[in-house]
Amino acid sequence: SLKAVNDVSLEIKKGEIVTIVGPSGSGKSTVLRCMNLLEVPTTGQIIFEGTDITDKKVNIDEVRQRIGMVFQNFNLFPNMTVLDNITLAPMRLKKLSREDANKKAEILLERVGLLDKKDSYPSQLSGGQQQRVWLAMALAQKTPILLLDEPTTYLDVKYQIEILNLIKKINVDYQMTIIMVHHDINQAINYSDEIIAMKGGRMLFQGKPNEVITSKSLK
């Protein structure tokens with residue numbers, strides 16, 4: 001049987017941006033999806049806040065309320081405005097009133113530079129703007145960790161840089177741990193505290209961006 005990921009062992013420090021890089025099919029998205037059990041590993045442990053979340057006794061839905069995730073193929077509800085997309089989860093999961101949820105959503109939209117689009121529908125937004133709405137949605141859930149699966153895919157270079165700058169700002173302003181899968185190692189070096197490089201389902205390297213340049217394992 002094919003092992004998508006094999007013998008991966010890593011530690012992620014609180015408050016850092018950690019980027020997983022590697023060629024297509026290297027297992028990087030699988031590793032990310034294991035972190036909130038969207039993919040369940042057959043062996044090993046995943047320790048989050050001192051708890052092994054692979055333990056069958058753990059309520060994974062409660063854990064997921066502390067781990068935000070933005071998927072590669074972002075799909076906003078097309079029949080709902082930007083504001084309604086963002087307030088949906090806080091009102092349903094956190095039981096916020098519409099008034100409180102709207103206030104918080106407007107603050108977040110201002111942070112991501114989209115307050116003027118709050119009454120727009122997804123079809124009226126560019127790819128970069130939709131991705132910023134997703135980031136606002138993730139922030140609305142106030143999770144200590146944010147998982148980002150290829151957050152700049154399908155975007156022009158200008159918008160890629162814009163989103164990466166925003167991710168860095170979120171990391172600094174909210175002291176949020178961000179774990180990101182990214183396709184461009186040069187961009188990752190500029191925006192990350194730690195780089196994890198993968199190939200063929202195995203981890204080749206984990207270290208600081210300046211160590212990537214001299215690492216023999218990546219040559």
# chains A, B, ... in the order shown; residues from 1 in each chain; ligands from 1
$ residues_around --residues "range 193-203 of chain A" --least-positions-apart "3" --cutoff "12 Å" --atoms "only C-alpha atoms" --output "PyMOL selection string"
chain A and resi 2-32+168+171-172+177-190+206-213+215+217-219
$ write_last_selection --atoms "C-alpha atoms" --output "compact mmCIF listing (two decimals), in the first residue's frame"
# COMPACT_ATOMS: atom_id res chain seq x y z
CA LEU A 2 1.12 3.54 -0.71
CA LYS A 3 2.19 5.64 2.26
CA ALA A 4 1.34 9.30 1.62
CA VAL A 5 3.48 10.34 4.58
CA ASN A 6 6.07 8.21 6.36
CA ASP A 7 8.23 8.80 9.44
CA VAL A 8 7.49 12.52 9.84
CA SER A 9 8.46 13.94 13.22
CA LEU A 10 8.28 17.65 13.91
CA GLU A 11 7.79 20.18 16.68
CA ILE A 12 6.13 23.55 16.20
CA LYS A 13 6.76 26.42 18.58
CA LYS A 14 3.99 28.73 19.72
CA GLY A 15 3.68 32.04 17.87
CA GLU A 16 5.78 31.07 14.84
CA ILE A 17 5.05 30.91 11.12
CA VAL A 18 6.08 27.43 10.00
CA THR A 19 5.96 26.71 6.26
CA ILE A 20 5.91 23.23 4.74
CA VAL A 21 7.42 23.19 1.25
CA GLY A 22 8.05 20.48 -1.33
CA PRO A 23 7.12 19.33 -4.82
CA SER A 24 3.58 18.28 -5.75
CA GLY A 25 2.77 14.90 -4.19
CA SER A 26 5.42 15.24 -1.46
CA GLY A 27 2.84 14.82 1.33
CA LYS A 28 2.86 18.41 2.60
CA SER A 29 -0.94 18.92 2.48
CA THR A 30 -1.45 15.49 4.06
CA VAL A 31 0.75 16.49 7.00
CA LEU A 32 -1.26 19.71 7.40
CA LYS A 168 2.75 37.92 8.63
CA ASN A 171 0.94 36.39 13.08
CA VAL A 172 2.51 39.45 14.74
CA THR A 177 0.82 30.21 15.39
CA ILE A 178 0.51 29.75 11.63
CA ILE A 179 1.35 26.53 9.79
CA MET A 180 1.28 26.98 6.05
CA VAL A 181 1.77 24.75 3.02
CA HIS A 182 3.45 26.74 0.25
CA HIS A 183 4.82 25.93 -3.21
CA ASP A 184 7.53 28.59 -3.46
CA ILE A 185 10.56 28.01 -1.22
CA ASN A 186 11.97 31.49 -1.93
CA GLN A 187 8.78 33.18 -0.72
CA ALA A 188 8.65 30.80 2.26
CA ILE A 189 12.19 31.81 3.28
CA ASN A 190 11.13 35.48 3.39
CA GLN A 206 13.32 21.38 9.53
CA GLY A 207 15.14 24.55 10.44
CA LYS A 208 15.50 28.31 10.20
CA PRO A 209 15.19 29.98 6.78
CA ASN A 210 18.91 30.87 6.75
CA GLU A 211 19.75 27.18 7.30
CA VAL A 212 17.74 26.14 4.23
CA ILE A 213 20.24 27.83 1.94
CA SER A 215 21.31 22.49 3.84
CA SER A 217 19.59 17.61 2.16
CA LEU A 218 17.84 20.09 -0.17
CA LYS A 219 20.50 20.00 -2.90
$ select_by_dssp --residues "range 78-172 of chain A" --states "alpha helix (DSSP H)" --output "PyMOL selection string"
chain A and resi 82-93+98-111+127-140+157-172
$ residues_around --residues "Val58 in chain A" --least-positions-apart "3" --cutoff "12 Å" --atoms "only C-alpha atoms" --output "ChimeraX atom specification"
/A:36-37,46-48,50-55,61-64
$ residues_around --residues "range 156-160 of chain A" --least-positions-apart "6" --cutoff "9 Å" --atoms "only C-alpha atoms" --output "PDB file with C-alpha atoms, in the first residue's frame"
ATOM      1  CA  GLY A 127      -9.364  35.599  -6.015  1.00  0.00           C
ATOM      2  CA  GLY A 128      -7.129  37.632  -3.699  1.00  0.00           C
ATOM      3  CA  GLN A 129     -10.134  39.314  -2.093  1.00  0.00           C
TER       4      GLN A 129
END
$ residues_around --residues "Asp119 in chain A" --least-positions-apart "3" --cutoff "9 Å" --atoms "only C-alpha atoms" --output "list in words"
Met80, Thr81, Val82, Leu83, Asp84, Leu115 and Asp116 of chain A
$ write_last_selection --atoms "all heavy atoms" --output "PDB file, in the first residue's frame"
ATOM      1  N   MET A  80     -24.532  34.357  -0.053  1.00  0.00           N
ATOM      2  CA  MET A  80     -24.422  35.183   1.150  1.00  0.00           C
ATOM      3  C   MET A  80     -23.393  36.288   0.936  1.00  0.00           C
ATOM      4  O   MET A  80     -22.394  36.092   0.239  1.00  0.00           O
ATOM      5  CB  MET A  80     -24.001  34.317   2.353  1.00  0.00           C
ATOM      6  CG  MET A  80     -25.075  33.320   2.754  1.00  0.00           C
ATOM      7  SD  MET A  80     -24.456  32.076   3.921  1.00  0.00           S
ATOM      8  CE  MET A  80     -24.049  33.069   5.321  1.00  0.00           C
ATOM      9  N   THR A  81     -23.633  37.434   1.567  1.00  0.00           N
ATOM     10  CA  THR A  81     -22.671  38.537   1.460  1.00  0.00           C
ATOM     11  C   THR A  81     -21.391  38.172   2.210  1.00  0.00           C
ATOM     12  O   THR A  81     -21.355  37.223   3.006  1.00  0.00           O
ATOM     13  CB  THR A  81     -23.244  39.831   2.074  1.00  0.00           C
ATOM     14  OG1 THR A  81     -23.435  39.616   3.484  1.00  0.00           O
ATOM     15  CG2 THR A  81     -24.540  40.248   1.413  1.00  0.00           C
ATOM     16  N   VAL A  82     -20.357  38.961   1.981  1.00  0.00           N
ATOM     17  CA  VAL A  82     -19.085  38.785   2.689  1.00  0.00           C
ATOM     18  C   VAL A  82     -19.322  38.809   4.201  1.00  0.00           C
ATOM     19  O   VAL A  82     -18.833  37.954   4.944  1.00  0.00           O
ATOM     20  CB  VAL A  82     -18.091  39.897   2.268  1.00  0.00           C
ATOM     21  CG1 VAL A  82     -16.915  39.975   3.226  1.00  0.00           C
ATOM     22  CG2 VAL A  82     -17.603  39.647   0.835  1.00  0.00           C
ATOM     23  N   LEU A  83     -20.080  39.791   4.674  1.00  0.00           N
ATOM     24  CA  LEU A  83     -20.342  39.927   6.117  1.00  0.00           C
ATOM     25  C   LEU A  83     -21.046  38.685   6.651  1.00  0.00           C
ATOM     26  O   LEU A  83     -20.664  38.148   7.700  1.00  0.00           O
ATOM     27  CB  LEU A  83     -21.195  41.174   6.373  1.00  0.00           C
ATOM     28  CG  LEU A  83     -21.302  41.611   7.843  1.00  0.00           C
ATOM     29  CD1 LEU A  83     -19.966  42.147   8.347  1.00  0.00           C
ATOM     30  CD2 LEU A  83     -22.386  42.665   8.024  1.00  0.00           C
ATOM     31  N   ASP A  84     -22.046  38.186   5.926  1.00  0.00           N
ATOM     32  CA  ASP A  84     -22.795  37.017   6.386  1.00  0.00           C
ATOM     33  C   ASP A  84     -21.939  35.748   6.380  1.00  0.00           C
ATOM     34  O   ASP A  84     -22.093  34.885   7.253  1.00  0.00           O
ATOM     35  CB  ASP A  84     -24.050  36.805   5.530  1.00  0.00           C
ATOM     36  CG  ASP A  84     -25.122  37.857   5.802  1.00  0.00           C
ATOM     37  OD1 ASP A  84     -25.060  38.488   6.870  1.00  0.00           O
ATOM     38  OD2 ASP A  84     -26.000  38.056   4.945  1.00  0.00           O
ATOM     39  N   LEU A 115     -13.295  46.166   4.267  1.00  0.00           N
ATOM     40  CA  LEU A 115     -14.531  46.652   4.883  1.00  0.00           C
ATOM     41  C   LEU A 115     -15.509  47.186   3.842  1.00  0.00           C
ATOM     42  O   LEU A 115     -16.729  47.011   3.961  1.00  0.00           O
ATOM     43  CB  LEU A 115     -14.219  47.739   5.926  1.00  0.00           C
ATOM     44  CG  LEU A 115     -15.413  48.248   6.737  1.00  0.00           C
ATOM     45  CD1 LEU A 115     -16.145  47.115   7.447  1.00  0.00           C
ATOM     46  CD2 LEU A 115     -14.978  49.307   7.748  1.00  0.00           C
ATOM     47  N   ASP A 116     -14.967  47.791   2.783  1.00  0.00           N
ATOM     48  CA  ASP A 116     -15.841  48.358   1.744  1.00  0.00           C
ATOM     49  C   ASP A 116     -16.552  47.276   0.919  1.00  0.00           C
ATOM     50  O   ASP A 116     -17.434  47.579   0.113  1.00  0.00           O
ATOM     51  CB  ASP A 116     -15.048  49.289   0.814  1.00  0.00           C
ATOM     52  CG  ASP A 116     -13.915  48.564   0.094  1.00  0.00           C
ATOM     53  OD1 ASP A 116     -13.363  47.604   0.672  1.00  0.00           O
ATOM     54  OD2 ASP A 116     -13.589  48.937  -1.043  1.00  0.00           O
TER      55      ASP A 116
END
$ closest_residue --among "A:Met176, A:Leu204, A:Ala101, A:Val40" --to "Lys142 in chain A" --atoms "only C-alpha atoms"
A:Met176
$ closest_residue --among "A:Lys57, A:Arg33, A:Lys169, A:Lys103" --to "Pro90 in chain A" --atoms "only C-alpha atoms"
A:Lys103
$ select_by_dssp --residues "range 167-215 of chain A" --states "strand (DSSP E)" --output "PyMOL selection string"
chain A and resi 177-181+194-199+202-207
$ closest_residue --among "A:Leu38, A:Leu135, A:Met69, A:Leu76" --to "Glu110 in chain A" --atoms "only C-alpha atoms"
A:Leu135
$ atom_distance --atom1 "CA of Ile67 in chain A" --atom2 "CA of Ala138 in chain A"
9.1 Å
$ closest_residue --among "A:Gln130, A:Phe71, A:Tyr174, A:Ala140" --to "Leu155 in chain A" --atoms "only C-alpha atoms"
A:Gln130
$ atom_distance --atom1 "CA of Trp134 in chain A" --atom2 "CA of Ser120 in chain A"
14.3 Å
